[in-house]
file protein.tsv (TSV, C-alpha atoms)
chain	number	residue	atom	x	y	z
A	1	MET	CA	-30.99	32.52	80.02
A	2	GLU	CA	-31.44	34.97	77.20
A	3	ARG	CA	-28.64	36.15	74.95
A	4	GLY	CA	-27.94	39.83	74.39
A	5	GLY	CA	-28.61	39.62	70.64
A	6	PRO	CA	-31.73	40.76	68.80
A	7	SER	CA	-34.82	38.65	69.15
A	8	ARG	CA	-36.34	36.65	66.34
A	9	ALA	CA	-39.31	39.03	66.11
A	10	THR	CA	-36.96	41.99	65.71
A	11	LEU	CA	-35.11	40.25	62.89
A	12	ARG	CA	-38.39	39.44	61.13
A	13	THR	CA	-39.60	43.02	61.46
A	14	THR	CA	-36.30	44.35	60.11
A	15	ALA	CA	-36.40	41.96	57.14
A	16	LYS	CA	-40.01	42.87	56.42
A	17	MET	CA	-39.31	46.62	56.46
A	18	ALA	CA	-36.22	46.20	54.27
A	19	LEU	CA	-38.24	44.24	51.72
A	20	ARG	CA	-41.22	46.55	51.91
A	21	PHE	CA	-39.43	49.89	51.60
A	22	GLY	CA	-35.79	49.29	50.61
A	23	MET	CA	-36.27	47.29	47.43
A	24	PRO	CA	-38.89	49.60	45.88
A	25	VAL	CA	-36.79	52.69	46.62
A	26	ILE	CA	-33.75	51.12	44.96
A	27	GLY	CA	-35.96	50.02	42.05
A	28	LEU	CA	-37.34	53.52	41.68
A	29	ALA	CA	-33.82	54.95	41.58
A	30	ILE	CA	-32.74	52.48	38.88
A	31	PHE	CA	-35.93	53.03	36.88
A	32	GLY	CA	-35.50	56.82	37.11
A	33	ASP	CA	-31.90	56.53	35.99
A	34	ALA	CA	-33.01	54.44	33.01
A	35	ILE	CA	-35.56	57.12	32.08
A	36	VAL	CA	-32.94	59.87	32.25
A	37	ARG	CA	-30.52	57.83	30.14
A	38	SER	CA	-33.23	57.03	27.58
A	39	VAL	CA	-33.80	60.75	26.98
A	40	GLY	CA	-30.24	60.88	25.70
A	41	GLY	CA	-30.92	57.98	23.35
A	42	ASP	CA	-29.31	55.19	25.37
A	43	ILE	CA	-32.29	52.88	25.95
A	44	GLU	CA	-31.39	49.89	28.09
A	45	HIS	CA	-34.33	47.53	28.46
A	46	GLY	CA	-32.55	45.56	31.17
A	47	ARG	CA	-32.37	48.58	33.48
A	48	PHE	CA	-36.07	49.26	33.02
A	49	ALA	CA	-36.87	45.62	33.77
A	50	LEU	CA	-34.58	45.54	36.83
A	51	GLY	CA	-36.18	48.70	38.21
A	52	VAL	CA	-39.68	47.32	37.77
A	53	LEU	CA	-38.72	43.97	39.30
A	54	LEU	CA	-37.24	45.64	42.36
A	55	MET	CA	-40.35	47.77	42.78
A	56	LEU	CA	-42.51	44.66	42.57
A	57	ALA	CA	-40.23	42.91	45.05
A	58	GLY	CA	-41.73	45.12	47.74
A	59	PHE	CA	-44.75	42.83	47.66
A	60	THR	CA	-42.59	39.98	48.97
A	61	SER	CA	-42.81	41.56	52.42
A	62	LYS	CA	-46.28	39.99	52.59
A	63	LEU	CA	-44.56	36.58	52.59
A	64	VAL	CA	-42.67	37.25	55.84
A	65	PRO	CA	-44.68	35.72	58.69
A	66	ARG	CA	-46.01	37.91	61.46
A	67	SER	CA	-44.41	37.62	64.84
call {"tool": "encode", "arguments": {"input": "protein.tsv", "output": "structure tokens"}}
result
Amino acid sequence: MERGGPSRATLRTTAKMALRFGMPVIGLAIFGDAIVRSVGGDIEHGRFALGVLLMLAGFTSKLVPRS
């Protein structure tokens, strides 16, 4: 008997899409915010690094196995 919850393939697909598109979009927003703040003279290297790392984290979606 099958439960009413989401299947394993659906969960994998959701995780893959979140990693592929969600992390880079958040990283782009943080990186853009760091650029805007740096124009005013407040350069925060950590925000730049965090933005770049989140954008690169989109490549981790390749590590999620196919269903």
call {"tool": "closest_residue", "arguments": {"input": "protein.tsv", "among": "A:Gly58, A:Leu63, A:Leu50, A:Gly41", "to": "Ala18 in chain A", "atoms": "only C-alpha atoms"}}
result
A:Gly58
call {"tool": "atom_distance", "arguments": {"input": "protein.tsv", "atom1": "CA of Ile30 in chain A", "atom2": "CA of Arg47 in chain A"}}
result
6.7 Å
call {"tool": "closest_residue", "arguments": {"input": "protein.tsv", "among": "A:Thr14, A:Val25, A:Phe31, A:Leu19", "to": "Ile43 in chain A", "atoms": "all atoms listed in the file"}}
result
A:Phe31
call {"tool": "atom_distance", "arguments": {"input": "protein.tsv", "atom1": "CA of Ser61 in chain A", "atom2": "CA of Thr13 in chain A"}}
result
9.7 Å
call {"tool": "atom_distance", "arguments": {"input": "protein.tsv", "atom1": "CA of Leu28 in chain A", "atom2": "CA of Ala57 in chain A"}}
result
11.5 Å
call {"tool": "residues_around", "arguments": {"input": "protein.tsv", "residues": "range 34-38 of chain A", "least_positions_apart": "6", "cutoff": "9 Å", "atoms": "only C-alpha atoms", "output": "mmCIF file with C-alpha atoms, keeping the file's coordinate frame"}}
result
data_model
loop_
_atom_site.group_PDB
_atom_site.id
_atom_site.type_symbol
_atom_site.label_atom_id
_atom_site.label_comp_id
_atom_site.auth_asym_id
_atom_site.auth_seq_id
_atom_site.Cartn_x
_atom_site.Cartn_y
_atom_site.Cartn_z
ATOM 1 C CA GLU A 44 -31.390 49.890 28.090
ATOM 2 C CA HIS A 45 -34.330 47.530 28.460
ATOM 3 C CA ARG A 47 -32.370 48.580 33.480
ATOM 4 C CA PHE A 48 -36.070 49.260 33.020
ATOM 5 C CA GLY A 51 -36.180 48.700 38.210
#
call {"tool": "closest_residue", "arguments": {"input": "protein.tsv", "among": "A:Ile26, A:Ala15, A:Ala9, A:Phe21", "to": "Leu53 in chain A", "atoms": "only C-alpha atoms"}}
result
A:Ile26
call {"tool": "decode", "arguments": {"input": "protein.tsv", "residues": "chain A", "atoms": "C-alpha atoms", "output": "PDB file, in the first residue's frame"}}
result
ATOM      1  CA  MET A   1       0.000   0.000   0.000  1.00  0.00           C
ATOM      2  CA  GLU A   2       1.307   3.408  -0.919  1.00  0.00           C
ATOM      3  CA  ARG A   3       1.262   6.391   1.399  1.00  0.00           C
ATOM      4  CA  GLY A   4      -0.241   9.706   0.361  1.00  0.00           C
ATOM      5  CA  GLY A   5       3.070  11.578   0.739  1.00  0.00           C
ATOM      6  CA  PRO A   6       5.409  12.683  -2.048  1.00  0.00           C
ATOM      7  CA  SER A   7       7.458  10.031  -3.747  1.00  0.00           C
ATOM      8  CA  ARG A   8      11.207   9.758  -3.449  1.00  0.00           C
ATOM      9  CA  ALA A   9      11.682  10.899  -7.061  1.00  0.00           C
ATOM     10  CA  THR A  10       9.623  14.022  -6.389  1.00  0.00           C
ATOM     11  CA  LEU A  11      11.739  14.863  -3.349  1.00  0.00           C
ATOM     12  CA  ARG A  12      14.947  14.397  -5.355  1.00  0.00           C
ATOM     13  CA  THR A  13      13.660  16.594  -8.163  1.00  0.00           C
ATOM     14  CA  THR A  14      12.631  19.295  -5.695  1.00  0.00           C
ATOM     15  CA  ALA A  15      16.028  19.205  -3.978  1.00  0.00           C
ATOM     16  CA  LYS A  16      17.825  19.344  -7.310  1.00  0.00           C
ATOM     17  CA  MET A  17      15.822  22.355  -8.516  1.00  0.00           C
ATOM     18  CA  ALA A  18      16.314  24.171  -5.203  1.00  0.00           C
ATOM     19  CA  LEU A  19      20.066  23.642  -5.409  1.00  0.00           C
ATOM     20  CA  ARG A  20      20.248  24.476  -9.087  1.00  0.00           C
ATOM     21  CA  PHE A  21      18.210  27.683  -9.093  1.00  0.00           C
ATOM     22  CA  GLY A  22      17.594  28.792  -5.495  1.00  0.00           C
ATOM     23  CA  MET A  23      21.161  29.022  -4.226  1.00  0.00           C
ATOM     24  CA  PRO A  24      22.532  30.979  -7.215  1.00  0.00           C
ATOM     25  CA  VAL A  25      19.642  33.458  -7.070  1.00  0.00           C
ATOM     26  CA  ILE A  26      20.250  34.076  -3.366  1.00  0.00           C
ATOM     27  CA  GLY A  27      23.990  34.359  -4.064  1.00  0.00           C
ATOM     28  CA  LEU A  28      23.354  36.861  -6.832  1.00  0.00           C
ATOM     29  CA  ALA A  29      21.218  38.967  -4.498  1.00  0.00           C
ATOM     30  CA  ILE A  30      23.910  38.968  -1.793  1.00  0.00           C
ATOM     31  CA  PHE A  31      26.658  39.699  -4.320  1.00  0.00           C
ATOM     32  CA  GLY A  32      24.613  42.561  -5.809  1.00  0.00           C
ATOM     33  CA  ASP A  33      23.982  43.984  -2.362  1.00  0.00           C
ATOM     34  CA  ALA A  34      27.721  43.853  -1.639  1.00  0.00           C
ATOM     35  CA  ILE A  35      28.416  45.748  -4.875  1.00  0.00           C
ATOM     36  CA  VAL A  36      25.887  48.445  -4.006  1.00  0.00           C
ATOM     37  CA  ARG A  37      27.330  48.799  -0.500  1.00  0.00           C
ATOM     38  CA  SER A  38      30.891  48.966  -1.852  1.00  0.00           C
ATOM     39  CA  VAL A  39      29.971  51.992  -3.980  1.00  0.00           C
ATOM     40  CA  GLY A  40      29.301  53.818  -0.728  1.00  0.00           C
ATOM     41  CA  GLY A  41      32.714  52.810   0.607  1.00  0.00           C
ATOM     42  CA  ASP A  42      31.642  49.938   2.853  1.00  0.00           C
ATOM     43  CA  ILE A  43      33.559  47.029   1.298  1.00  0.00           C
ATOM     44  CA  GLU A  44      32.807  43.733   3.006  1.00  0.00           C
ATOM     45  CA  HIS A  45      34.890  40.923   1.555  1.00  0.00           C
ATOM     46  CA  GLY A  46      32.851  38.316   3.401  1.00  0.00           C
ATOM     47  CA  ARG A  47      29.641  39.295   1.592  1.00  0.00           C
ATOM     48  CA  PHE A  48      31.380  39.079  -1.772  1.00  0.00           C
ATOM     49  CA  ALA A  49      32.754  35.648  -0.879  1.00  0.00           C
ATOM     50  CA  LEU A  50      29.384  34.408   0.414  1.00  0.00           C
ATOM     51  CA  GLY A  51      27.650  35.559  -2.764  1.00  0.00           C
ATOM     52  CA  VAL A  52      30.181  33.815  -4.977  1.00  0.00           C
ATOM     53  CA  LEU A  53      30.038  30.627  -2.906  1.00  0.00           C
ATOM     54  CA  LEU A  54      26.259  30.496  -3.125  1.00  0.00           C
ATOM     55  CA  MET A  55      26.394  31.021  -6.886  1.00  0.00           C
ATOM     56  CA  LEU A  56      28.907  28.196  -7.183  1.00  0.00           C
ATOM     57  CA  ALA A  57      26.727  26.018  -4.971  1.00  0.00           C
ATOM     58  CA  GLY A  58      24.344  25.703  -7.904  1.00  0.00           C
ATOM     59  CA  PHE A  59      26.776  23.199  -9.355  1.00  0.00           C
ATOM     60  CA  THR A  60      26.037  20.845  -6.453  1.00  0.00           C
ATOM     61  CA  SER A  61      22.768  19.942  -8.167  1.00  0.00           C
ATOM     62  CA  LYS A  62      24.891  17.709 -10.407  1.00  0.00           C
ATOM     63  CA  LEU A  63      25.620  15.585  -7.313  1.00  0.00           C
ATOM     64  CA  VAL A  64      21.956  14.688  -6.759  1.00  0.00           C
ATOM     65  CA  PRO A  65      21.327  11.300  -8.378  1.00  0.00           C
ATOM     66  CA  ARG A  66      18.813  10.968 -11.176  1.00  0.00           C
ATOM     67  CA  SER A  67      15.598   9.189 -10.436  1.00  0.00           C
TER      68      SER A  67
END
